[in-house]
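Listing of protein.txt; format and content: compact mmCIF, C-alpha atoms.
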# COMPACT_ATOMS: atom_id res chain seq x y z
CA MET A 24 -17.51 -11.66 -10.30
CA ASN A 25 -16.62 -10.78 -6.72
CA ALA A 26 -17.13 -7.33 -5.24
CA VAL A 27 -13.52 -6.20 -5.60
CA ASP A 28 -13.42 -7.20 -9.29
CA THR A 29 -16.55 -5.11 -9.85
CA LEU A 30 -14.85 -2.12 -8.26
CA LEU A 31 -11.59 -2.63 -10.16
CA ASN A 32 -13.56 -2.01 -13.34
CA ALA A 33 -14.93 1.33 -12.11
CA PRO A 34 -13.12 4.68 -11.78
CA PRO A 35 -11.56 4.61 -8.26
CA TYR A 36 -13.19 7.88 -7.14
CA GLY A 37 -16.24 7.79 -9.37
CA TRP A 38 -19.07 6.68 -7.06
CA ASN A 39 -21.06 9.00 -4.87
CA GLN A 40 -21.53 8.10 -1.22
CA LYS A 41 -25.14 6.99 -1.65
CA LYS A 42 -24.27 4.43 -4.29
CA LYS A 43 -21.29 3.24 -2.29
CA GLU A 44 -23.31 2.99 0.93
CA ALA A 45 -25.74 0.48 -0.58
CA PHE A 46 -22.99 -1.60 -2.16
CA TYR A 47 -20.86 -1.62 0.98
CA THR A 48 -23.71 -2.43 3.34
CA ARG A 49 -24.40 -5.56 1.33
CA GLU A 50 -20.79 -6.60 0.74
CA LEU A 51 -19.55 -5.90 4.26
CA SER A 52 -22.45 -7.91 5.67
CA SER A 53 -21.47 -10.86 3.57
CA LEU A 54 -17.79 -10.49 4.54
CA THR A 55 -18.80 -10.38 8.20
CA GLU A 56 -20.78 -13.58 7.76
CA ARG A 57 -17.92 -15.22 5.90
CA HIS A 58 -15.43 -14.44 8.67
CA ARG A 59 -17.92 -15.49 11.33
CA ARG A 60 -18.03 -18.93 9.79
CA ALA A 61 -14.31 -19.22 9.14
CA CYS A 62 -12.73 -17.66 12.21
CA PRO A 63 -13.92 -18.97 15.61
CA ALA A 64 -12.30 -16.13 17.55
CA TYR A 65 -14.15 -13.61 15.39
CA ALA A 66 -17.40 -15.53 15.81
CA ALA A 67 -16.95 -15.36 19.58
CA LEU A 68 -16.33 -11.64 19.33
CA LEU A 69 -19.51 -11.09 17.31
CA LYS A 70 -21.44 -13.01 19.90
CA THR A 71 -20.06 -10.81 22.66
CA LEU A 72 -20.96 -7.73 20.65
CA GLY A 73 -24.47 -9.12 20.25
CA TRP A 74 -24.33 -8.83 16.51
CA ASN A 75 -27.58 -9.26 14.66
CA PRO A 76 -27.36 -9.20 10.85
CA GLU A 77 -30.98 -8.11 10.58
CA LYS A 78 -30.16 -4.82 12.26
CA VAL A 79 -27.68 -3.75 9.61
CA HIS A 80 -29.10 -0.86 7.60
CA GLY A 81 -25.91 0.97 6.68
CA ILE A 82 -22.13 0.78 6.83
CA ALA A 83 -22.14 2.20 10.35
CA ASP A 84 -24.08 -0.86 11.58
CA ILE A 85 -21.32 -3.28 10.59
CA PRO A 86 -19.61 -4.56 13.73
CA PHE A 87 -16.11 -3.28 14.44
CA PHE A 88 -13.40 -4.03 16.96
CA PRO A 89 -10.17 -2.32 18.08
CA VAL A 90 -7.29 -2.88 15.74
CA ARG A 91 -5.05 -3.92 18.61
CA LEU A 92 -6.81 -7.29 18.77
CA PHE A 93 -4.57 -8.28 15.87
CA LYS A 94 -1.71 -8.06 18.34
CA ASP A 95 -3.30 -10.16 21.02
CA PHE A 96 -4.93 -12.84 18.89
CA GLU A 97 -4.14 -14.85 15.83
CA LEU A 98 -7.07 -13.79 13.71
CA ARG A 99 -7.34 -15.56 10.41
CA SER A 100 -10.08 -17.03 8.25
CA ILE A 101 -7.90 -19.43 6.30
CA GLY A 102 -6.06 -22.61 7.21
CA GLN A 103 -2.41 -22.48 8.18
CA SER A 104 -1.40 -24.12 4.91
CA ASP A 105 -3.10 -21.36 2.90
CA VAL A 106 -1.08 -18.61 4.56
CA PHE A 107 0.97 -17.16 1.77
CA LYS A 108 2.46 -14.19 3.54
CA THR A 109 2.39 -12.76 7.03
CA MET A 110 2.61 -9.01 7.44
CA THR A 111 3.48 -7.25 10.65
CA SER A 112 3.04 -3.73 11.90
CA SER A 113 5.62 -1.83 13.90
CA GLY A 114 8.51 -4.05 14.83
CA THR A 115 9.83 -1.73 17.50
CA THR A 116 11.35 -3.74 20.31
CA GLY A 117 9.25 -4.18 23.40
CA GLN A 118 5.99 -3.62 21.58
CA GLN A 119 3.73 -6.33 20.38
CA VAL A 120 3.16 -6.40 16.65
CA SER A 121 0.01 -7.04 14.66
CA ARG A 122 0.12 -10.13 12.53
CA ILE A 123 -1.91 -10.16 9.35
CA TYR A 124 -2.30 -13.44 7.49
CA LEU A 125 -2.69 -13.29 3.74
CA ASP A 126 -3.60 -15.95 1.25
CA ARG A 127 -2.55 -15.70 -2.36
CA GLU A 128 -5.79 -14.12 -3.54
CA THR A 129 -5.94 -11.43 -0.86
CA ALA A 130 -2.31 -10.49 -1.53
CA LEU A 131 -3.01 -10.23 -5.24
CA TYR A 132 -6.04 -7.99 -4.72
CA GLN A 133 -4.01 -5.74 -2.42
CA THR A 134 -1.51 -5.17 -5.21
CA LYS A 135 -4.18 -4.59 -7.84
CA VAL A 136 -6.10 -2.14 -5.70
CA LEU A 137 -3.00 -0.19 -4.72
CA ALA A 138 -2.06 0.13 -8.39
CA LYS A 139 -5.58 1.24 -9.28
CA ILE A 140 -5.73 3.92 -6.59
CA CYS A 141 -2.28 5.28 -7.43
CA SER A 142 -2.84 5.37 -11.17
CA GLY A 143 -5.08 8.38 -10.58
CA PHE A 144 -2.07 10.27 -9.22
CA LEU A 145 0.86 8.82 -11.14
CA GLY A 146 -0.74 7.98 -14.47
CA THR A 147 -0.70 4.50 -15.93
CA LYS A 148 2.76 4.73 -17.45
CA ARG A 149 5.46 3.42 -15.12
CA LEU A 150 7.84 6.23 -14.24
CA PRO A 151 11.48 5.95 -13.16
CA MET A 152 11.38 5.51 -9.41
CA LEU A 153 13.51 6.76 -6.58
CA ILE A 154 12.80 5.09 -3.23
CA LEU A 155 13.69 7.41 -0.37
CA ASP A 156 14.76 4.57 1.87
CA SER A 157 17.37 1.86 2.19
CA ARG A 158 17.24 -1.55 0.60
CA THR A 159 17.68 -3.11 4.04
CA ALA A 160 13.98 -2.54 4.80
CA THR A 161 13.14 -5.44 2.48
CA ARG A 162 15.89 -7.76 3.60
CA ASP A 163 13.80 -10.42 5.30
CA ARG A 164 11.81 -11.64 2.37
CA THR A 165 9.29 -13.82 4.19
CA LEU A 166 8.27 -11.57 7.05
CA PHE A 167 7.55 -8.07 5.86
CA SER A 168 7.35 -5.08 8.07
CA ALA A 169 4.96 -2.39 6.96
CA ARG A 170 7.93 -0.43 5.72
CA GLY A 171 9.38 -3.18 3.55
CA ALA A 172 5.99 -4.11 2.18
CA GLY A 173 5.34 -0.47 1.35
CA SER A 174 8.52 -0.03 -0.68
CA LEU A 175 7.94 -3.27 -2.52
CA GLY A 176 4.25 -2.78 -3.15
CA PHE A 177 4.81 0.67 -4.59
CA SER A 178 7.85 -0.36 -6.63
CA MET A 179 5.46 -2.24 -8.90
CA MET A 180 4.32 1.17 -10.11
CA GLY A 181 7.74 2.49 -10.97
CA ARG A 182 10.52 1.27 -13.16
CA ARG A 183 14.18 0.65 -12.37
CA PRO A 184 13.75 1.57 -8.72
CA VAL A 185 16.85 3.07 -7.14
CA TYR A 186 17.28 3.46 -3.38
CA ALA A 187 18.33 6.91 -2.22
CA LEU A 188 19.79 5.70 1.08
CA ASP A 189 22.59 3.20 1.55
CA GLU A 190 22.68 0.31 4.02
CA ASN A 191 23.61 2.70 6.83
CA MET A 192 20.72 5.05 6.06
CA GLN A 193 23.12 7.62 4.61
CA LEU A 194 22.19 9.63 1.54
CA ASP A 195 23.75 8.14 -1.59
CA LEU A 196 24.18 11.47 -3.29
CA ALA A 197 26.35 10.26 -6.17
CA GLY A 198 23.86 7.52 -6.97
CA ILE A 199 20.88 9.89 -6.83
CA GLU A 200 22.53 12.51 -9.01
CA SER A 201 23.59 10.04 -11.67
CA TYR A 202 20.06 8.56 -11.74
CA LEU A 203 18.51 12.00 -12.09
CA ARG A 204 20.83 12.80 -14.98
CA GLU A 205 19.66 9.64 -16.76
CA CYS A 206 16.00 10.58 -16.22
CA SER A 207 16.25 14.29 -16.87
CA ASP A 208 13.55 14.32 -19.56
CA THR A 209 10.78 12.53 -17.68
CA ASP A 210 8.61 12.71 -14.57
CA ILE A 211 9.99 10.74 -11.64
CA PHE A 212 8.04 8.80 -9.06
CA LEU A 213 9.38 9.14 -5.53
CA PHE A 214 8.20 7.01 -2.66
CA GLY A 215 9.08 6.88 1.00
CA PHE A 216 7.97 6.99 4.60
CA THR A 217 7.24 10.41 6.01
CA SER A 218 9.56 10.26 9.01
CA ILE A 219 12.43 8.71 7.07
CA ILE A 220 12.15 11.28 4.30
CA TRP A 221 12.23 14.04 6.85
CA GLU A 222 15.13 12.69 8.89
CA HIS A 223 17.36 11.12 6.25
CA PHE A 224 16.55 13.01 3.09
CA TYR A 225 15.28 16.51 3.82
CA LYS A 226 17.49 17.24 6.85
CA LYS A 227 20.63 15.93 5.16
CA LEU A 228 20.08 17.97 2.02
CA LYS A 229 19.33 21.03 4.10
CA GLU A 230 22.43 20.58 6.29
CA ALA A 231 24.72 20.08 3.33
CA ASN A 232 23.05 22.94 1.48
CA ILE A 233 22.42 20.74 -1.55
CA ARG A 234 19.60 21.30 -4.00
CA LEU A 235 18.42 18.35 -6.07
CA PRO A 236 16.61 18.93 -9.39
CA LEU A 237 13.33 17.16 -8.62
CA GLU A 238 10.94 19.65 -10.17
CA ARG A 239 9.42 16.82 -12.17
CA GLY A 240 9.10 14.51 -9.22
CA ILE A 241 5.83 13.12 -7.84
CA LEU A 242 6.24 12.10 -4.22
CA VAL A 243 3.91 9.65 -2.49
CA HIS A 244 4.60 9.21 1.21
CA GLY A 245 2.93 7.72 4.25
CA GLY A 246 3.49 5.83 7.47
CA GLY A 247 2.46 8.31 10.09
CA TRP A 248 3.33 11.71 11.47
CA LYS A 249 4.18 10.73 15.03
CA LYS A 250 7.87 11.59 14.84
CA LEU A 251 7.26 14.80 12.92
CA GLN A 252 4.55 15.91 15.30
CA ARG A 253 7.14 15.77 18.06
CA GLU A 254 9.10 18.37 16.11
CA SER A 255 5.86 20.22 15.33
CA VAL A 256 6.19 19.73 11.59
CA SER A 257 2.85 20.00 9.81
CA ASN A 258 1.95 18.61 6.42
CA GLU A 259 2.16 22.12 4.94
CA GLN A 260 5.64 22.64 6.37
CA PHE A 261 6.73 19.25 5.13
CA LYS A 262 5.69 20.18 1.61
CA ALA A 263 7.26 23.62 1.72
CA SER A 264 10.53 22.27 3.13
CA LEU A 265 10.88 19.58 0.50
CA SER A 266 10.06 22.02 -2.23
CA GLU A 267 12.86 24.21 -0.92
CA VAL A 268 15.59 21.53 -1.07
CA CYS A 269 14.56 19.78 -4.28
CA GLY A 270 11.87 21.75 -6.06
CA LEU A 271 9.22 19.06 -5.50
CA LYS A 272 5.74 20.39 -6.16
CA LYS A 273 3.59 17.30 -6.35
CA ILE A 274 3.56 15.76 -2.90
CA PHE A 275 0.82 13.36 -1.84
CA ASN A 276 0.54 11.93 1.63
CA TYR A 277 -1.37 8.71 2.12
CA TYR A 278 -3.05 7.23 5.15
CA GLY A 279 -3.39 3.54 5.67
CA MET A 280 -2.41 0.69 7.88
CA VAL A 281 -1.00 -2.77 7.57
CA GLU A 282 -4.33 -4.24 8.73
CA GLN A 283 -5.88 -2.92 5.52
CA THR A 284 -2.97 -2.95 3.10
CA GLY A 285 -3.77 -1.93 -0.45
CA SER A 286 -6.88 0.16 0.08
CA ILE A 287 -5.00 3.30 1.10
CA PHE A 288 -6.37 6.82 1.39
CA MET A 289 -4.58 9.35 -0.81
CA GLU A 290 -4.30 13.05 -0.21
CA CYS A 291 -5.62 15.15 -3.09
CA GLU A 292 -4.42 18.40 -4.63
CA ALA A 293 -6.67 20.26 -2.18
CA GLY A 294 -4.90 18.67 0.78
CA ASN A 295 -7.71 16.32 1.86
CA LEU A 296 -7.46 12.57 2.34
CA HIS A 297 -9.98 10.60 0.30
CA THR A 298 -11.86 7.33 0.50
CA SER A 299 -11.57 5.39 -2.75
CA LEU A 300 -14.05 2.81 -4.01
CA PHE A 301 -12.16 0.16 -2.07
CA SER A 302 -12.60 1.47 1.44
CA ASP A 303 -14.63 3.79 3.60
CA LEU A 304 -14.28 5.56 6.88
CA ILE A 305 -16.53 6.42 9.79
CA ILE A 306 -15.74 8.89 12.57
CA ARG A 307 -17.01 7.84 15.99
CA ARG A 308 -17.38 9.92 19.13
CA ALA A 309 -14.93 8.68 21.77
CA GLU A 310 -17.53 8.90 24.55
CA ASP A 311 -20.20 6.60 23.12
CA PHE A 312 -18.92 5.39 19.71
CA ALA A 313 -21.89 7.01 17.96
CA GLU A 314 -21.23 8.34 14.48
CA ALA A 315 -19.88 11.89 14.62
CA SER A 316 -21.23 14.55 12.29
CA ILE A 317 -19.23 16.26 9.55
CA GLY A 318 -16.55 18.54 10.97
CA LYS A 319 -16.53 16.88 14.39
CA ARG A 320 -13.46 15.02 15.61
CA GLY A 321 -13.60 11.42 16.72
CA LEU A 322 -12.08 7.98 16.50
CA VAL A 323 -11.42 6.64 13.02
CA GLN A 324 -13.09 3.39 11.97
CA LEU A 325 -11.92 1.93 8.69
CA VAL A 326 -13.79 -0.50 6.46
CA SER A 327 -12.37 -2.21 3.42
CA LEU A 328 -13.56 -4.94 1.10
CA LEU A 329 -10.08 -6.42 0.68
CA PRO A 330 -9.56 -8.40 3.91
CA ALA A 331 -10.82 -11.84 2.95
CA SER A 332 -8.21 -14.05 4.63
CA TYR A 333 -8.48 -12.33 8.03
CA PRO A 334 -11.38 -10.48 9.70
CA GLY A 335 -9.96 -6.98 9.23
CA HIS A 336 -12.73 -5.52 7.09
CA SER A 337 -14.03 -3.25 9.85
CA ILE A 338 -11.59 -1.98 12.47
CA LEU A 339 -11.47 0.81 15.01
CA THR A 340 -8.12 2.59 14.92
CA GLU A 341 -6.41 4.63 17.62
CA ASP A 342 -6.33 7.69 15.37
CA GLU A 343 -8.39 10.81 15.66
CA GLY A 344 -9.89 12.31 12.53
CA GLU A 345 -12.72 14.32 11.06
CA ILE A 346 -14.74 14.20 7.87
CA VAL A 347 -14.53 17.52 6.06
CA GLY A 348 -16.95 16.79 3.25
CA ILE A 349 -18.84 14.16 1.27
CA ASP A 350 -18.95 14.16 -2.54
CA ASN A 351 -17.94 17.83 -2.63
CA CYS A 352 -14.14 18.15 -2.56
CA PRO A 353 -12.87 20.84 -4.96
CA CYS A 354 -10.54 18.21 -6.50
CA GLY A 355 -13.60 16.48 -7.97
CA ARG A 356 -13.17 13.08 -6.31
CA LEU A 357 -16.38 11.63 -4.95
CA GLY A 358 -16.76 9.96 -1.56
CA LYS A 359 -15.59 11.16 1.83
CA ALA A 360 -12.83 13.74 2.26
CA PHE A 361 -11.20 13.76 5.68
CA LYS A 362 -8.29 14.81 7.87
CA ILE A 363 -6.31 12.83 10.43
CA HIS A 364 -5.22 14.58 13.62
CA GLY A 365 -2.87 11.93 14.98
CA ARG A 366 -3.18 9.45 17.79
CA ILE A 367 -5.81 9.80 20.47
CA GLN A 368 -4.37 10.37 23.89
CA ASN A 369 -3.56 7.38 26.07
CA ALA A 370 -3.47 5.04 23.10
CA GLU A 371 -0.59 2.65 23.09
CA ILE A 372 2.27 4.36 21.27
CA ARG A 373 2.41 2.87 17.85
CA GLY A 374 3.21 4.17 14.39
CA CYS A 375 2.34 1.98 11.49
CA SER A 376 5.60 2.32 9.61
CA ASP A 377 7.55 4.29 12.15
CA THR A 378 9.63 1.23 12.76
CA TYR A 379 13.07 2.64 12.33
CA ASN A 380 14.79 3.21 15.65
CA ARG A 381 17.69 5.54 15.87
CA MET B 17 13.80 -15.59 -34.30
CA SER B 18 11.38 -17.45 -32.07
CA GLN B 19 14.03 -19.88 -30.94
CA GLU B 20 16.29 -17.01 -30.12
CA ASN B 21 13.53 -15.44 -28.03
CA GLN B 22 12.94 -18.73 -26.27
CA GLN B 23 16.59 -18.97 -25.31
CA LYS B 24 16.72 -15.40 -24.14
CA TYR B 25 13.54 -15.90 -22.10
CA ASP B 26 14.81 -19.10 -20.49
CA LYS B 27 18.14 -17.53 -19.67
CA VAL B 28 16.46 -14.69 -17.78
CA PHE B 29 14.48 -17.13 -15.63
CA ILE B 30 17.41 -19.47 -15.01
CA ARG B 31 19.74 -16.67 -14.00
CA ASN B 32 17.22 -14.68 -12.01
CA PHE B 33 15.75 -17.55 -10.01
CA ASN B 34 18.80 -19.82 -9.96
CA VAL B 35 16.88 -22.85 -11.27
CA GLU B 36 17.65 -25.70 -13.66
CA PRO B 37 16.26 -25.71 -17.23
CA ASP B 38 14.02 -28.72 -16.50
CA GLN B 39 12.25 -26.78 -13.74
CA LEU B 40 11.14 -23.98 -16.03
CA THR B 41 7.78 -25.16 -17.32
CA ASP B 42 6.32 -25.57 -13.83
CA LEU B 43 7.79 -22.38 -12.46
CA ALA B 44 5.26 -19.98 -10.96
CA TYR B 45 5.18 -17.06 -8.56
CA GLN B 46 5.95 -18.24 -5.02
CA THR B 47 6.65 -21.84 -6.03
CA THR B 48 10.35 -21.37 -5.47
CA PRO B 49 11.85 -19.25 -2.67
CA SER B 50 13.64 -16.95 -5.10
CA TRP B 51 10.42 -16.01 -6.94
CA ASP B 52 8.92 -13.81 -4.26
CA SER B 53 7.96 -10.17 -4.60
CA VAL B 54 11.59 -9.05 -4.60
CA GLY B 55 12.53 -11.65 -7.20
CA HIS B 56 9.44 -10.69 -9.18
CA MET B 57 10.55 -7.11 -9.67
CA ALA B 58 14.05 -8.29 -10.60
CA LEU B 59 12.47 -10.59 -13.20
CA VAL B 60 10.49 -7.70 -14.64
CA ALA B 61 13.61 -5.55 -14.93
CA GLU B 62 15.57 -8.34 -16.62
CA LEU B 63 12.81 -9.18 -19.10
CA GLU B 64 12.48 -5.50 -19.96
CA ASP B 65 16.23 -5.27 -20.57
CA ALA B 66 16.51 -8.49 -22.55
CA PHE B 67 13.59 -7.72 -24.89
CA GLU B 68 13.81 -3.92 -24.82
CA ILE B 69 10.19 -3.46 -23.78
CA MET B 70 8.32 -1.71 -21.00
CA LEU B 71 5.63 -3.79 -19.34
CA GLU B 72 2.33 -2.26 -18.30
CA MET B 73 1.45 -2.37 -14.62
CA ASP B 74 -1.38 -4.87 -15.18
CA ASP B 75 0.96 -7.21 -17.02
CA ILE B 76 3.44 -7.12 -14.16
CA ILE B 77 0.68 -8.16 -11.80
CA ASP B 78 -0.52 -10.90 -14.18
CA LEU B 79 2.97 -12.31 -14.78
CA SER B 80 2.34 -15.22 -12.45
CA SER B 81 4.20 -18.10 -14.12
CA TYR B 82 6.80 -19.01 -16.70
CA GLU B 83 4.10 -19.99 -19.19
CA GLU B 84 1.91 -16.96 -18.50
CA GLY B 85 4.93 -14.72 -19.09
CA LYS B 86 5.23 -15.97 -22.67
CA ARG B 87 1.59 -15.10 -23.33
CA ILE B 88 2.12 -11.63 -21.87
CA LEU B 89 5.25 -10.99 -23.95
CA GLY B 90 3.16 -11.90 -26.98
CA LYS B 91 1.26 -8.66 -26.39
CA TYR B 92 4.56 -6.86 -26.99
CA ASN B 93 5.09 -8.66 -30.29
CA ILE B 94 7.57 -11.13 -28.91
CA GLU B 95 6.91 -14.53 -30.40
CA PHE B 96 7.94 -17.92 -29.13
Could you rewrite the structure in this file as structure tokens?
Amino acid sequence: MNAVDTLLNAPPYGWNQKKKEAFYTRELSSLTERHRRACPAYAALLKTLGWNPEKVHGIADIPFFPVRLFKDFELRSIGQSDVFKTMTSSGTTGQQVSRIYLDRETALYQTKVLAKICSGFLGTKRLPMLILDSRTATRDRTLFSARGAGSLGFSMMGRRPVYALDENMQLDLAGIESYLRECSDTDIFLFGFTSIIWEHFYKKLKEANIRLPLERGILVHGGGWKKLQRESVSNEQFKASLSEVCGLKKIFNYYGMVEQTGSIFMECEAGNLHTSLFSDLIIRRAEDFAEASIGKRGLVQLVSLLPASYPGHSILTEDEGEIVGIDNCPCGRLGKAFKIHGRIQNAEIRGCSDTYNR
Amino acid sequence: MSQENQQKYDKVFIRNFNVEPDQLTDLAYQTTPSWDSVGHMALVAELEDAFEIMLEMDDIIDLSSYEEGKRILGKYNIEF
């Protein structure tokens, strides 16, 4: 059984950090070796970094590289004919996009892991689903943007998904209201991207002074806070504002990126983001890349066991974050609890799913 | 009964993926352009409607071919 299968059979937040550390050190080392053999560009990179497998004693010793290399190089550990799907990050014009090459197996594990992580928040029963986006985001079926892939990946967890926005990104109020009438006796799963929800759902409801009955809704949203930060909207304000226009009480943000699709980090009831069994996170000091201590801000490094078809198992992001606790979050989930504070300064401007240009 | 189910099942695949009846037995996820992740969710919705069932998340993920689908529907007491 491979490592991911082992984890799929365990509760997604049920391992303490010590147990995970040992498992990950071993599995990430073997993934590193696998990619070294299969991807010449990655092998060259390891050589430059002076990587020595004998010096790996913990997760923090696994080599990492800046995530932007996926924009500059075609990094894959499978043959061209095994590429089953190519995912891209922000498709904003004028910016280069990351290209992530998936084979069938990696894509399948991404779906399974996403479902496993979310089941802890949504339950295992598929709920009626309202996607707070437009169908157009999934129009090109072979080349998925992070946004399209997100809507599709999550729609597996709902049933009879209905899009809340029409082709022109306008609120389809009649459609939403009729759907809500049909589902009035059950919980509803809502999914969308943070900035799109804010701009095209919240603001429109607020302007029109409309209140939707979504008291039984469970909203999962992600994709970055860049646009909202510009308007100085915090996570707390986002929650309070949505609650005001539609009575939503259960709102969970998630953090993740296209380079590690599937193994996302969900926000808990206590407002902290969490590592699941399928990924981990290390905070590094910007000045020397040494591991930062708990409560100290630094650059976010992400590790995941899912990237098998491309060497994306250990990447340094351009985000700033801090670990707030390990194995001790009041919500009861084990592993690391953390916060993200947005992009570091001077990083290339890039939002994972902030791809919609007005 | 089982023949009726077979016809219903075939009809869903033929209509949803726009394929000919003789292509059915070899049909699998991503072997025809229309059976991609978008087509997959449409297939799930149509099977659920036709047989009045609700598939579990794991079964949706495992529904990887025409033949495998029949085995999965068996779990919902639909016989072929």
(request) Would you mind reading off the distance between CA of Leu304 in chain A and CA of Val323 in chain A, one decimal, in Å? (result) 6.9 Å
Would you tabulate, counting all atoms listed in the file, all residues of chain B that have an atom at most 8 Å from an atom of chain A, showing the closest pair of atoms and their distance in Å to one decimal, sorted by chain then ascending number, as a tab-separated table?
residue	atom	partner	partner_atom	distance
B:Asp52	CA	A:Arg164	CA	7.6
B:Ser53	CA	A:Leu175	CA	7.2
B:Val54	CA	A:Leu175	CA	7.1
B:Met57	CA	A:Met179	CA	7.1
B:Ala61	CA	A:Arg183	CA	6.7
B:Glu72	CA	A:Lys148	CA	7.1
B:Met73	CA	A:Met180	CA	6.4
B:Asp74	CA	A:Lys135	CA	7.9
B:Ile76	CA	A:Met179	CA	7.5
B:Ile77	CA	A:Lys135	CA	7.2
(message) To one decimal place in Å, what is the distance between CA of Leu322 in chain A and CA of Thr48 in chain A?
(response)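 Atom-to-atom, CA of Leu322 in chain A and CA of Thr48 in chain A are spaced 20.4 Å apart.
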(request) Record the distance separating CA of Ile338 in chain A and CA of Arg91 in chain A, expressed in Å with one decimal. (result) 9.2 Å
(request) Rank nothing, just name the residue among B:Tyr82, B:Tyr92, B:Trp51, B:Tyr45 nearest to Asp26 in chain B, using only C-alpha atoms. (result)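 Of B:Tyr82, B:Tyr92, B:Trp51, B:Tyr45, the one nearest Asp26 in chain B is B:Tyr82, counting only C-alpha atoms.
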(message) Measuring between only C-alpha atoms, which one of A:His80, A:Ser286, A:Phe177, A:Lys229 shows the shortest distance to Glu44 in chain A?
(response)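 That would be A:His80, the residue with the smallest distance to Glu44 in chain A.
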(message) Calculated over only C-alpha atoms, which of the candidates B:Lys27, B:Asn21, B:Ala44, B:Gln39 has the smallest distance to Glu68 in chain B?
(response) B:Asn21
(request) Write out as JSON, numbers by chain the residues lying within 10 Å of range 30-39 of chain A, counting all atoms listed in the file and excluding same-chain residues fewer than 5 positions away. (result) {"A": [25, 44, 132, 135, 136, 139, 140, 141, 142, 143, 297, 298, 299, 300, 301, 328, 349, 350, 351, 355, 356, 357, 358, 359]}
(message) Using only C-alpha atoms, which protein or nucleic acid residues come within 9 Å of Ala66 in chain B? Drop anything in the same chain fewer than 6 positions from it, and give the result as an MDAnalysis selection string.
(response) chainID B and resid 24:25 28
(request) Within 8 Å of Glu341 in chain A, counting only C-alpha atoms, which residues show up once you throw out same-chain ones fewer than 6 positions away? Write them as a list of chain:residue names, please. (result) A:Pro89, A:Val90, A:Leu322, A:Val323, A:Arg366, A:Ile367, A:Ala370
